[in-house]
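Chemist: query-v1.tsv (TSV, C-alpha atoms) pasted underneath:
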chain	number	residue	atom	x	y	z
Y	1	MET	CA	39.68	45.33	268.35
Y	2	LYS	CA	41.62	48.41	269.19
Y	3	ILE	CA	44.23	48.24	271.89
Y	4	ALA	CA	45.69	51.53	273.01
Y	5	VAL	CA	49.37	51.83	272.40
Y	6	SER	CA	49.61	53.35	275.82
Y	7	ILE	CA	48.69	49.97	277.32
Y	8	LEU	CA	51.65	48.45	275.52
Y	9	CYS	CA	53.90	51.17	276.86
Y	10	ILE	CA	52.61	50.68	280.39
Y	11	LEU	CA	53.27	46.96	280.13
Y	12	LEU	CA	56.77	47.60	278.89
Y	13	TRP	CA	57.32	50.19	281.63
Y	14	ALA	CA	56.15	47.72	284.23
Y	15	LEU	CA	58.44	45.00	282.96
Y	16	PRO	CA	61.27	45.70	285.46
Y	17	GLU	CA	58.88	44.88	288.30
Y	18	ALA	CA	58.57	41.34	287.01
Y	19	SER	CA	62.06	40.78	285.74
Y	20	PRO	CA	65.26	42.69	285.20
Y	21	GLN	CA	64.83	44.93	282.15
Y	22	THR	CA	67.16	43.73	279.47
Y	23	SER	CA	68.97	45.95	277.07
Y	24	ALA	CA	66.84	44.53	274.31
Y	25	SER	CA	63.55	45.44	276.02
Y	26	GLN	CA	64.87	48.94	276.76
Y	27	ASP	CA	65.61	49.26	273.09
Y	28	HIS	CA	62.02	48.20	272.35
Y	29	VAL	CA	60.67	50.85	274.68
Y	30	ARG	CA	62.83	53.53	273.10
Y	31	TRP	CA	61.74	52.40	269.65
Y	32	VAL	CA	58.07	52.63	270.62
Y	33	GLU	CA	58.68	56.08	272.14
Y	34	SER	CA	60.37	57.22	268.97
Y	35	SER	CA	57.61	55.76	266.82
Y	36	LEU	CA	54.94	57.37	268.96
Y	37	ARG	CA	56.57	60.78	268.54
Y	38	GLU	CA	56.69	60.25	264.79
Y	39	MET	CA	53.05	59.23	264.60
Y	40	LYS	CA	51.86	62.02	266.91
Y	41	ALA	CA	53.64	64.56	264.71
Y	42	VAL	CA	50.84	64.14	262.19
Y	43	LYS	CA	48.23	66.65	263.29
Y	44	VAL	CA	44.93	68.20	262.34
Y	45	GLY	CA	45.41	70.74	259.57
Y	46	MET	CA	48.09	68.73	257.77
Y	47	THR	CA	47.42	67.28	254.34
Y	48	ARG	CA	46.87	63.80	252.99
Y	49	GLU	CA	50.37	63.83	251.49
Y	50	ASP	CA	51.77	64.64	254.94
Y	51	VAL	CA	49.99	61.58	256.31
Y	52	ASP	CA	51.42	59.46	253.51
Y	53	LYS	CA	54.97	60.31	254.62
Y	54	VAL	CA	54.47	58.58	257.96
Y	55	PHE	CA	51.73	56.06	257.24
Y	56	VAL	CA	50.57	53.79	254.43
Y	57	PRO	CA	46.89	53.20	253.64
Y	58	GLU	CA	45.46	50.12	255.29
Y	59	GLY	CA	43.57	47.57	253.21
Y	60	GLY	CA	39.83	47.17	253.42
Y	61	ILE	CA	37.08	49.71	252.93
Y	62	SER	CA	37.46	53.46	253.10
Y	63	THR	CA	35.97	56.67	251.77
Y	64	VAL	CA	37.58	59.85	250.56
Y	65	LEU	CA	36.65	61.36	253.91
Y	66	GLN	CA	37.77	58.57	256.25
Y	67	LYS	CA	40.63	56.09	256.02
Y	68	THR	CA	42.66	53.85	258.29
Y	69	TYR	CA	46.43	54.03	257.99
Y	70	ALA	CA	49.26	51.77	259.17
Y	71	PHE	CA	52.58	53.11	260.45
Y	72	ARG	CA	55.28	52.68	257.80
Y	73	LYS	CA	57.74	51.13	260.26
Y	74	CYS	CA	55.26	48.74	261.88
Y	75	PRO	CA	51.97	47.81	260.20
Y	76	TYR	CA	50.30	46.91	263.50
Y	77	PHE	CA	50.31	50.56	264.64
Y	78	LYS	CA	47.19	52.20	263.16
Y	79	VAL	CA	45.42	55.53	263.10
Y	80	ASP	CA	41.99	56.47	261.74
Y	81	VAL	CA	42.07	59.73	259.81
Y	82	GLU	CA	39.22	61.98	258.68
Y	83	PHE	CA	39.67	64.55	255.92
Y	84	ILE	CA	37.92	67.48	254.31
Y	85	ILE	CA	38.22	67.73	250.56
Y	86	GLU	CA	40.50	70.43	249.22
Y	87	PRO	CA	38.61	73.34	247.60
Y	88	GLY	CA	38.13	72.90	243.88
Y	89	ASN	CA	38.49	69.12	243.93
Y	90	ALA	CA	35.02	67.74	243.26
Y	91	THR	CA	35.77	64.10	244.04
Y	92	GLY	CA	38.30	64.35	246.85
Y	93	GLY	CA	41.09	61.95	247.62
Y	94	GLY	CA	43.76	64.41	246.47
Y	95	PRO	CA	47.10	65.10	248.20
Y	96	LYS	CA	45.95	68.47	249.52
Y	97	ASP	CA	42.87	67.19	251.37
Y	98	LYS	CA	43.19	68.37	254.96
Y	99	VAL	CA	43.16	66.27	258.13
Y	100	VAL	CA	40.27	67.27	260.39
Y	101	LYS	CA	40.53	64.39	262.87
Y	102	ILE	CA	43.15	61.78	263.68
Y	103	SER	CA	42.72	59.05	266.27
Y	104	ARG	CA	45.23	58.09	268.92
Y	105	PRO	CA	47.50	55.34	267.62
Y	106	TYR	CA	46.26	51.85	268.39
Y	107	LEU	CA	47.33	48.26	267.83
Y	108	ALA	CA	45.42	45.92	265.51
Y	109	TRP	CA	45.96	43.04	263.15
Y	110	THR	CA	46.35	43.72	259.47
Y	111	ILE	CA	43.27	44.29	257.33
Y	112	GLY	CA	43.82	42.89	253.88
Y	113	ASP	CA	40.36	42.99	252.37
I	1	MET	CA	-7.12	52.82	216.57
I	2	PRO	CA	-3.34	52.35	216.10
I	3	VAL	CA	-2.15	48.86	215.42
I	4	ASN	CA	1.35	47.75	216.38
I	5	PRO	CA	3.31	46.18	213.55
I	6	PRO	CA	3.99	42.48	213.96
I	7	PRO	CA	7.29	41.72	215.71
I	8	ALA	CA	10.24	41.10	213.46
I	9	PRO	CA	11.20	37.46	213.01
I	10	GLY	CA	13.40	36.32	215.83
I	11	THR	CA	12.31	39.15	218.14
I	12	VAL	CA	12.35	38.12	221.77
I	13	SER	CA	9.63	39.31	224.10
I	14	PRO	CA	10.85	41.74	226.75
I	15	VAL	CA	11.20	40.20	230.20
I	16	ILE	CA	11.82	42.06	233.45
I	17	THR	CA	13.96	40.06	235.86
I	18	SER	CA	14.31	42.70	238.56
I	19	ILE	CA	13.56	46.22	239.59
I	20	SER	CA	15.66	47.84	242.29
I	21	PRO	CA	14.45	49.24	244.53
I	22	ASN	CA	11.00	47.69	244.26
I	23	TRP	CA	9.42	50.25	246.51
I	24	GLY	CA	9.40	53.97	247.17
I	25	SER	CA	7.67	56.35	249.50
I	26	VAL	CA	5.14	58.98	248.56
I	27	GLY	CA	6.73	62.38	248.15
I	28	THR	CA	10.07	60.94	247.01
I	29	SER	CA	11.91	62.73	244.24
I	30	ALA	CA	14.81	61.56	242.08
I	31	LEU	CA	14.81	58.02	243.47
I	32	PRO	CA	17.44	56.09	241.48
I	33	VAL	CA	15.98	52.93	239.97
I	34	THR	CA	17.38	50.11	237.85
I	35	ILE	CA	15.27	47.71	235.80
I	36	ALA	CA	17.07	44.63	234.51
I	37	GLY	CA	15.90	42.05	232.04
I	38	THR	CA	16.12	40.95	228.44
I	39	GLY	CA	14.68	41.89	225.08
I	40	PHE	CA	14.01	45.53	225.92
I	41	GLY	CA	15.20	46.65	222.47
I	42	THR	CA	17.32	49.67	221.68
I	43	THR	CA	15.99	51.64	218.70
I	44	PRO	CA	13.65	53.25	219.38
I	45	PRO	CA	14.51	53.01	223.09
I	46	PRO	CA	12.24	51.02	225.40
I	47	SER	CA	9.80	52.73	227.73
I	48	VAL	CA	8.62	52.01	231.26
I	49	SER	CA	5.02	52.20	232.38
I	50	PHE	CA	3.35	52.14	235.78
I	51	ASP	CA	-0.31	51.08	235.83
I	52	GLY	CA	-1.23	53.51	238.56
I	53	THR	CA	-1.02	57.24	239.02
I	54	GLY	CA	1.52	59.55	240.60
I	55	ILE	CA	4.80	57.96	239.43
I	56	THR	CA	6.92	59.42	236.65
I	57	MET	CA	10.28	58.19	235.42
I	58	THR	CA	13.18	60.15	233.96
I	59	TYR	CA	15.54	57.93	231.98
I	60	SER	CA	19.33	57.90	232.26
I	61	THR	CA	20.22	54.84	230.21
I	62	ARG	CA	18.13	52.49	228.11
I	63	ASN	CA	19.51	49.43	226.39
I	64	ASN	CA	18.45	45.90	225.61
I	65	THR	CA	18.98	44.61	229.16
I	66	THR	CA	19.01	47.59	231.50
I	67	ILE	CA	17.01	50.72	232.07
I	68	THR	CA	18.15	53.22	234.69
I	69	GLY	CA	16.76	56.53	235.75
I	70	THR	CA	14.99	58.25	238.58
I	71	LEU	CA	11.45	58.15	239.86
I	72	ASN	CA	9.33	60.94	241.16
I	73	ILE	CA	6.55	59.68	243.38
I	74	SER	CA	4.02	62.40	244.05
I	75	ALA	CA	2.68	63.09	247.50
I	76	THR	CA	-0.76	62.05	246.25
I	77	ALA	CA	0.27	58.73	244.69
I	78	PRO	CA	-2.02	55.98	246.00
I	79	LEU	CA	-0.44	53.60	248.51
I	80	GLY	CA	-0.02	50.00	247.41
I	81	THR	CA	1.45	48.07	244.54
I	82	GLN	CA	1.61	49.30	240.98
I	83	ASN	CA	2.57	47.04	238.10
I	84	VAL	CA	5.64	48.06	236.13
I	85	THR	CA	6.10	46.96	232.52
I	86	VAL	CA	8.72	47.61	229.87
I	87	THR	CA	7.66	48.07	226.28
I	88	ASN	CA	10.01	47.08	223.47
I	89	ASN	CA	9.03	49.89	221.13
I	90	ALA	CA	10.80	48.29	218.20
I	91	ALA	CA	8.75	45.13	218.45
I	92	GLY	CA	5.62	46.63	219.94
I	93	MET	CA	5.72	44.07	222.76
I	94	THR	CA	5.22	44.57	226.47
I	95	SER	CA	6.96	42.68	229.23
I	96	ASN	CA	5.70	40.77	232.20
I	97	PRO	CA	4.50	43.03	235.02
I	98	VAL	CA	6.51	43.35	238.22
I	99	GLY	CA	5.32	44.98	241.40
I	100	PHE	CA	6.50	48.36	242.69
I	101	GLU	CA	5.12	49.27	246.08
I	102	VAL	CA	4.27	52.82	247.04
I	103	THR	CA	4.69	53.15	250.78
I	104	PRO	CA	3.77	55.86	253.27
I	105	ALA	CA	6.21	58.71	253.70
I	106	VAL	CA	9.13	57.74	255.88
I	107	THR	CA	11.86	59.69	257.52
I	108	CYS	CA	14.21	56.74	257.80
I	109	ALA	CA	16.52	56.55	254.80
I	110	VAL	CA	18.62	53.47	254.03
I	111	PRO	CA	21.27	52.79	251.38
I	112	VAL	CA	20.10	51.25	248.10
I	113	ASN	CA	21.55	50.48	244.68
I	114	PHE	CA	24.91	49.43	246.12
I	115	GLN	CA	26.97	48.58	243.06
I	116	GLN	CA	30.54	48.19	241.90
I	117	THR	CA	31.59	51.04	239.64
I	118	SER	CA	35.17	50.04	238.87
I	119	CYS	CA	38.06	47.73	239.68
I	120	SER	CA	41.75	47.98	238.91
I	121	ASP	CA	45.15	46.41	239.52
I	122	LYS	CA	47.06	48.96	241.60
I	123	GLY	CA	50.34	47.05	241.48
I	124	ASN	CA	52.14	45.03	244.15
I	125	GLY	CA	49.21	42.64	244.29
I	126	ASP	CA	46.69	45.30	245.33
I	127	LEU	CA	43.19	44.94	243.85
I	128	HIS	CA	41.20	48.16	244.07
I	129	PHE	CA	37.40	48.43	243.88
I	130	GLU	CA	35.07	51.41	243.90
I	131	TYR	CA	31.40	51.20	244.84
I	132	SER	CA	28.50	53.61	244.78
I	133	PHE	CA	25.20	53.62	246.60
I	134	SER	CA	22.21	55.90	246.91
I	135	SER	CA	19.50	56.61	249.44
I	136	THR	CA	15.89	55.49	249.44
I	137	THR	CA	15.01	59.16	249.72
I	138	GLY	CA	17.22	60.13	246.81
I	139	ASN	CA	19.35	62.24	249.13
I	140	LEU	CA	22.59	60.76	250.49
I	141	GLY	CA	22.53	63.40	253.19
I	142	ASP	CA	19.58	61.53	254.72
I	143	LEU	CA	21.82	58.56	255.62
I	144	SER	CA	23.24	60.18	258.71
I	145	SER	CA	21.90	57.39	260.92
I	146	CYS	CA	23.60	54.72	258.79
I	147	THR	CA	26.96	53.07	258.44
I	148	ILE	CA	28.11	51.03	255.49
I	149	GLY	CA	30.75	48.39	255.83
I	150	GLU	CA	32.09	44.94	255.22
I	151	PHE	CA	32.28	41.55	256.89
I	152	VAL	CA	35.07	39.26	255.68
I	153	SER	CA	35.80	35.80	257.00
I	154	TYR	CA	38.77	33.56	256.31
I	155	PRO	CA	38.80	29.76	256.48
I	156	GLY	CA	38.62	28.36	259.97
I	157	THR	CA	38.37	30.19	263.24
I	158	GLN	CA	41.93	31.31	263.81
I	159	ASP	CA	42.22	35.04	264.52
I	160	PRO	CA	44.32	36.30	262.89
I	161	PHE	CA	44.14	33.97	259.92
I	162	PRO	CA	47.70	32.78	259.14
I	163	PHE	CA	48.70	32.76	255.49
I	164	PRO	CA	49.85	29.33	254.27
I	165	SER	CA	53.58	30.05	254.22
I	166	PRO	CA	55.50	29.06	252.21
I	167	PRO	CA	54.64	30.16	249.58
I	168	PHE	CA	52.70	33.17	250.96
I	169	PRO	CA	54.38	35.82	253.12
I	170	PRO	CA	54.36	34.80	256.81
I	171	ASP	CA	51.58	37.25	257.64
I	172	ALA	CA	48.10	37.12	259.05
I	173	TYR	CA	44.83	38.99	258.60
I	174	GLU	CA	42.20	39.86	261.17
I	175	ASN	CA	39.54	37.13	261.07
I	176	PRO	CA	36.77	38.01	260.72
I	177	THR	CA	37.23	41.55	259.50
I	178	GLU	CA	34.38	43.85	260.45
I	179	LEU	CA	34.59	47.47	259.34
I	180	ASP	CA	31.92	50.16	259.33
I	181	LEU	CA	32.12	53.70	257.99
I	182	PRO	CA	29.60	56.54	257.92
I	183	ALA	CA	27.36	56.19	254.86
I	184	ALA	CA	28.52	59.53	253.50
I	185	PRO	CA	28.39	60.87	249.94
I	186	GLY	CA	31.31	59.97	247.74
I	187	GLY	CA	30.96	56.21	247.61
I	188	LEU	CA	33.16	53.51	249.02
I	189	VAL	CA	36.51	52.09	248.02
I	190	ASP	CA	37.90	48.70	248.97
I	191	ASP	CA	41.48	47.53	248.62
I	192	GLN	CA	42.40	43.86	248.63
I	193	SER	CA	46.03	44.39	249.53
I	194	LEU	CA	49.05	42.39	250.60
I	195	LYS	CA	50.30	43.62	253.96
I	196	PRO	CA	52.47	43.82	255.92
I	197	SER	CA	54.78	42.13	253.44
I	198	THR	CA	54.82	41.31	249.77
I	199	THR	CA	57.79	38.97	250.20
I	200	PHE	CA	56.74	35.47	249.22
I	201	VAL	CA	58.61	32.52	250.66
I	202	LYS	CA	60.46	29.88	248.67
I	203	PRO	CA	60.12	27.10	247.78
I	204	TYR	CA	57.11	28.24	245.77
I	205	SER	CA	54.27	25.79	245.30
I	206	THR	CA	50.69	25.92	244.10
I	207	SER	CA	48.56	27.23	246.95
I	208	SER	CA	45.44	29.31	247.50
I	209	PHE	CA	43.03	30.48	250.15
I	210	THR	CA	39.62	32.10	249.88
I	211	ALA	CA	37.90	34.72	251.98
I	212	THR	CA	34.17	35.36	251.89
I	213	GLN	CA	32.99	38.96	251.89
I	214	TYR	CA	29.69	40.71	252.44
I	215	TYR	CA	28.99	44.42	252.13
I	216	ARG	CA	26.31	45.59	254.50
I	217	TYR	CA	24.71	48.61	256.07
I	218	LYS	CA	23.30	49.36	259.47
I	219	CYS	CA	20.83	52.16	260.15
I	220	SER	CA	19.63	52.92	263.65
I	221	CYS	CA	16.19	53.71	262.25
I	222	ALA	CA	15.74	50.50	260.20
I	223	GLU	CA	15.65	46.74	260.75
I	224	GLY	CA	16.01	47.24	264.47
I	225	GLY	CA	19.45	48.68	263.95
I	226	ASN	CA	20.77	45.35	262.67
I	227	TYR	CA	23.04	44.72	259.70
I	228	VAL	CA	21.49	44.29	256.25
I	229	ASN	CA	23.60	42.74	253.50
I	230	VAL	CA	23.69	44.65	250.22
I	231	ALA	CA	26.21	42.48	248.35
I	232	GLY	CA	27.71	39.05	248.77
I	233	PRO	CA	28.81	36.46	249.36
I	234	LEU	CA	31.82	37.46	247.29
I	235	SER	CA	34.88	35.21	247.08
I	236	ILE	CA	38.31	36.79	247.45
I	237	VAL	CA	40.75	34.20	246.13
I	238	ARG	CA	44.48	34.61	246.68
I	239	SER	CA	46.69	32.09	244.91
I	240	VAL	CA	50.24	31.26	243.99
I	241	SER	CA	50.54	29.35	240.74
I	242	GLN	CA	53.04	28.48	238.07
I	243	SER	CA	52.93	29.99	234.61
I	244	PRO	CA	53.54	27.97	231.44
I	245	ASP	CA	57.08	29.36	231.34
I	246	LYS	CA	57.64	27.81	234.81
I	247	SER	CA	57.81	31.19	236.57
I	248	TRP	CA	55.60	31.73	239.61
I	249	LYS	CA	52.94	34.39	240.11
I	250	PHE	CA	50.61	35.70	242.80
I	251	THR	CA	47.00	36.45	241.86
I	252	VAL	CA	44.14	37.95	243.86
I	253	THR	CA	40.68	37.70	242.29
I	254	LYS	CA	37.26	39.05	243.20
I	255	SER	CA	34.10	39.70	241.18
I	256	GLY	CA	35.84	38.84	237.93
I	257	CYS	CA	38.68	41.32	238.52
I	258	SER	CA	42.24	40.42	239.43
I	259	ALA	CA	45.63	41.80	240.35
I	260	GLN	CA	48.95	40.02	240.08
I	261	ILE	CA	52.59	39.99	241.02
I	262	ASN	CA	53.96	38.29	237.95
I	263	PRO	CA	56.54	36.92	238.10
I	264	LEU	CA	57.30	36.49	241.76
I	265	PRO	CA	60.95	37.31	242.43
Show the structure stored in the file as structure tokens.
Modeler:
Amino acid sequence: MKIAVSILCILLWALPEASPQTSASQDHVRWVESSLREMKAVKVGMTREDVDKVFVPEGGISTVLQKTYAFRKCPYFKVDVEFIIEPGNATGGGPKDKVVKISRPYLAWTIGD
Amino acid sequence: MPVNPPPAPGTVSPVITSISPNWGSVGTSALPVTIAGTGFGTTPPPSVSFDGTGITMTYSTRNNTTITGTLNISATAPLGTQNVTVTNNAAGMTSNPVGFEVTPAVTCAVPVNFQQTSCSDKGNGDLHFEYSFSSTTGNLGDLSSCTIGEFVSYPGTQDPFPFPSPPFPPDAYENPTELDLPAAPGGLVDDQSLKPSTTFVKPYSTSSFTATQYYRYKCSCAEGGNYVNVAGPLSIVRSVSQSPDKSWKFTVTKSGCSAQINPLP
């Protein structure tokens, strides 16, 4: 089940209301902010090899046109990416396939199948 | 009147064990079909016959146990069941008949002939599979109302399923795993991978756990929009075991294929 990363951020932002925000939790927030910027830097029009610099392919099923990725620095941050096949590549799945759609980052358990 | 020569000594009568799919709609062209069995013969190649009218078959492969090809079912083919037989042309013997149903024209296409096309060890304990499927209409573009996916369950009801650690990495997988993708051309790949970590925990000991997997489709225009299994149950076995030289290894196995980390560090 997808859980928007933004919910996590809101919870972390709201933390001071419940208890004094510790240095450690502030560090967590900054780390999530930094990670979010890194993940959001992958945009439509980039290539599959660009995606691979920030994410690693998730386990489980996929097609050459659609694949779920996990953030390299935290495997519980995921994005779903759709591609178009690069011209001249009959089968697809090559490094120059272009991103046509990328989901907002979300949280989910690891898929290993 | 021609007379078939007597079968050679030891010749086994051809037997059809399955035909897939076992139905097709009138007006369908290039419908992929697979006939499995035994004793079909090879030289000269076996032939397939339908006892009705309006169905023709174009062969792709013909061997002693499998015949594949495509069917053209004319728009005027009579509705109902036709008997299919395979003739072993070397022995002059004909198989048991099996039914193939000609159905009215439909606009609802569903995936058929889901089959594994390859498997490989991708390293780091990742086991990679590739699958293909076709459409009942012969056109994958007709599957726009369908998804194809997997259902995988791990032992027990814990979600996520915790790996037995040690010796496995202290990780956990979503349990059950339910994934669906558009049933688009290009086939399906499936990776049995070790994530987030491939760091096994000492002390190593013999240990294993098994997941059960089904591949399935769902089409809004068929079966009330419910899931239909196309493969499974398949066992995905992950194990840590000791080799004869006393080193330890990780193995993941499915459908007779395996990947290893050998030896574990």
Chemist: Fewer than 4 positions away in the same chain doesn't count, so skip those; otherwise give me all residues within 6 Å of Y:Val81, counting all atoms listed in the file, as a compact mmCIF listing (two decimals) with C-alpha atoms, keeping the file's coordinate frame.
Modeler:
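Once written, around.txt looks like this:
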# COMPACT_ATOMS: atom_id res chain seq x y z
CA GLN Y 66 37.77 58.57 256.25
CA LYS Y 67 40.63 56.09 256.02
CA LYS Y 101 40.53 64.39 262.87
CA ILE Y 102 43.15 61.78 263.68
Chemist: Distance cut-off 6 Å, counting only C-alpha atoms - which residues of chain I neighbour chain Y? Return them as a short mmCIF file (atom, residue, chain, number, x, y, z; two decimals) with C-alpha atoms, in the frame of the given file.
Modeler:
data_model
loop_
_atom_site.label_atom_id
_atom_site.label_comp_id
_atom_site.auth_asym_id
_atom_site.auth_seq_id
_atom_site.Cartn_x
_atom_site.Cartn_y
_atom_site.Cartn_z
CA TYR I 173 44.83 38.99 258.60
CA GLU I 174 42.20 39.86 261.17
CA LEU I 188 33.16 53.51 249.02
CA VAL I 189 36.51 52.09 248.02
CA ASP I 190 37.90 48.70 248.97
CA ASP I 191 41.48 47.53 248.62
CA GLN I 192 42.40 43.86 248.63
CA SER I 193 46.03 44.39 249.53
CA PRO I 196 52.47 43.82 255.92
#
Chemist: Which neighbours of Y:Pro87 fall inside 12 Å, counting only C-alpha atoms, when residues of the same chain fewer than 6 positions from it are skipped, and could you give them as a compact mmCIF listing (two decimals) with C-alpha atoms, in the coordinates of the input?
Modeler:
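Done, and the output landed in selection-v7.txt:
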# COMPACT_ATOMS: atom_id res chain seq x y z
CA GLY Y 93 41.09 61.95 247.62
CA GLY Y 94 43.76 64.41 246.47
CA PRO Y 95 47.10 65.10 248.20
CA LYS Y 96 45.95 68.47 249.52
CA ASP Y 97 42.87 67.19 251.37
CA LYS Y 98 43.19 68.37 254.96
Chemist: Counting all atoms listed in the file, select every polymer residue within 10 Å of (49.8, 62.4, 257.9) as defined in the file's coordinates, and provide the selection as a list in words.
Modeler: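 Residues lying no farther than 10 Å from the given point: Glu38, Met39, Lys40, Ala41, Val42, Lys43, Val44, Gly45, Met46, Thr47, Arg48, Glu49, Asp50, Val51, Asp52, Lys53, Val54, Phe55, Val56, Tyr69, Val79, Val81, Lys98, Val99 and Ile102 of chain Y.
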Chemist: Please report the interatomic distance between atom CA of I:Pro167 and atom CA of I:Tyr204 in Å with one decimal.
Modeler: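 Atom CA of I:Tyr204 lies at a distance of 4.9 Å from atom CA of I:Pro167.
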Chemist: Would you mind reading off the distance between atom CA of Y:Phe71 and atom CA of I:Leu194, one decimal, in Å?
Modeler: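 Separating atom CA of Y:Phe71 from atom CA of I:Leu194 is a distance of 15.0 Å.
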Chemist: Mind working out the centre and edge lengths of an axis-aligned box for stretch 48-61 of chain Y, all listed atoms inside, 3 Å added to each side, rounded to one decimal in Å and written as JSON?
Modeler:
{"center_x": 46.0, "center_y": 55.9, "center_z": 254.7, "size_x": 23.9, "size_y": 23.5, "size_z": 12.5}
Chemist: Enter the distance from atom CA of I:Val102 to atom CA of I:Thr81, in Å, rounded to one decimal.
Modeler: 6.1 Å
Chemist: Report as an MDAnalysis selection string all protein, DNA and RNA residues lying within 8 Å of I:Val84, evaluated on all atoms listed in the file, omitting residues in the same chain fewer than 5 positions from it.
Modeler: chainID I and resid 48:51 97:100
Chemist: Show me, as a list in words, the residues that have an atom within 9 Å of I:Cys221 when counting only C-alpha atoms, minus same-chain residues fewer than 5 positions from it.
Modeler: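 Selected residues are Thr107, Cys108, Ala109, Val110, Ser145 and Cys146 of chain I.
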Chemist: What lies within 12 Å of I:Val15 using only C-alpha atoms, ignoring chain neighbours under 6 positions off, as an MDAnalysis selection string?
Modeler: chainID I and resid 35:41 46 64:66 84:88 93:98
Chemist: Taking all atoms listed in the file into account, name the residue in I:Pro44, I:Ala172, I:Ser20, I:Phe114 that is nearest to I:Gly69.
Modeler: I:Ser20
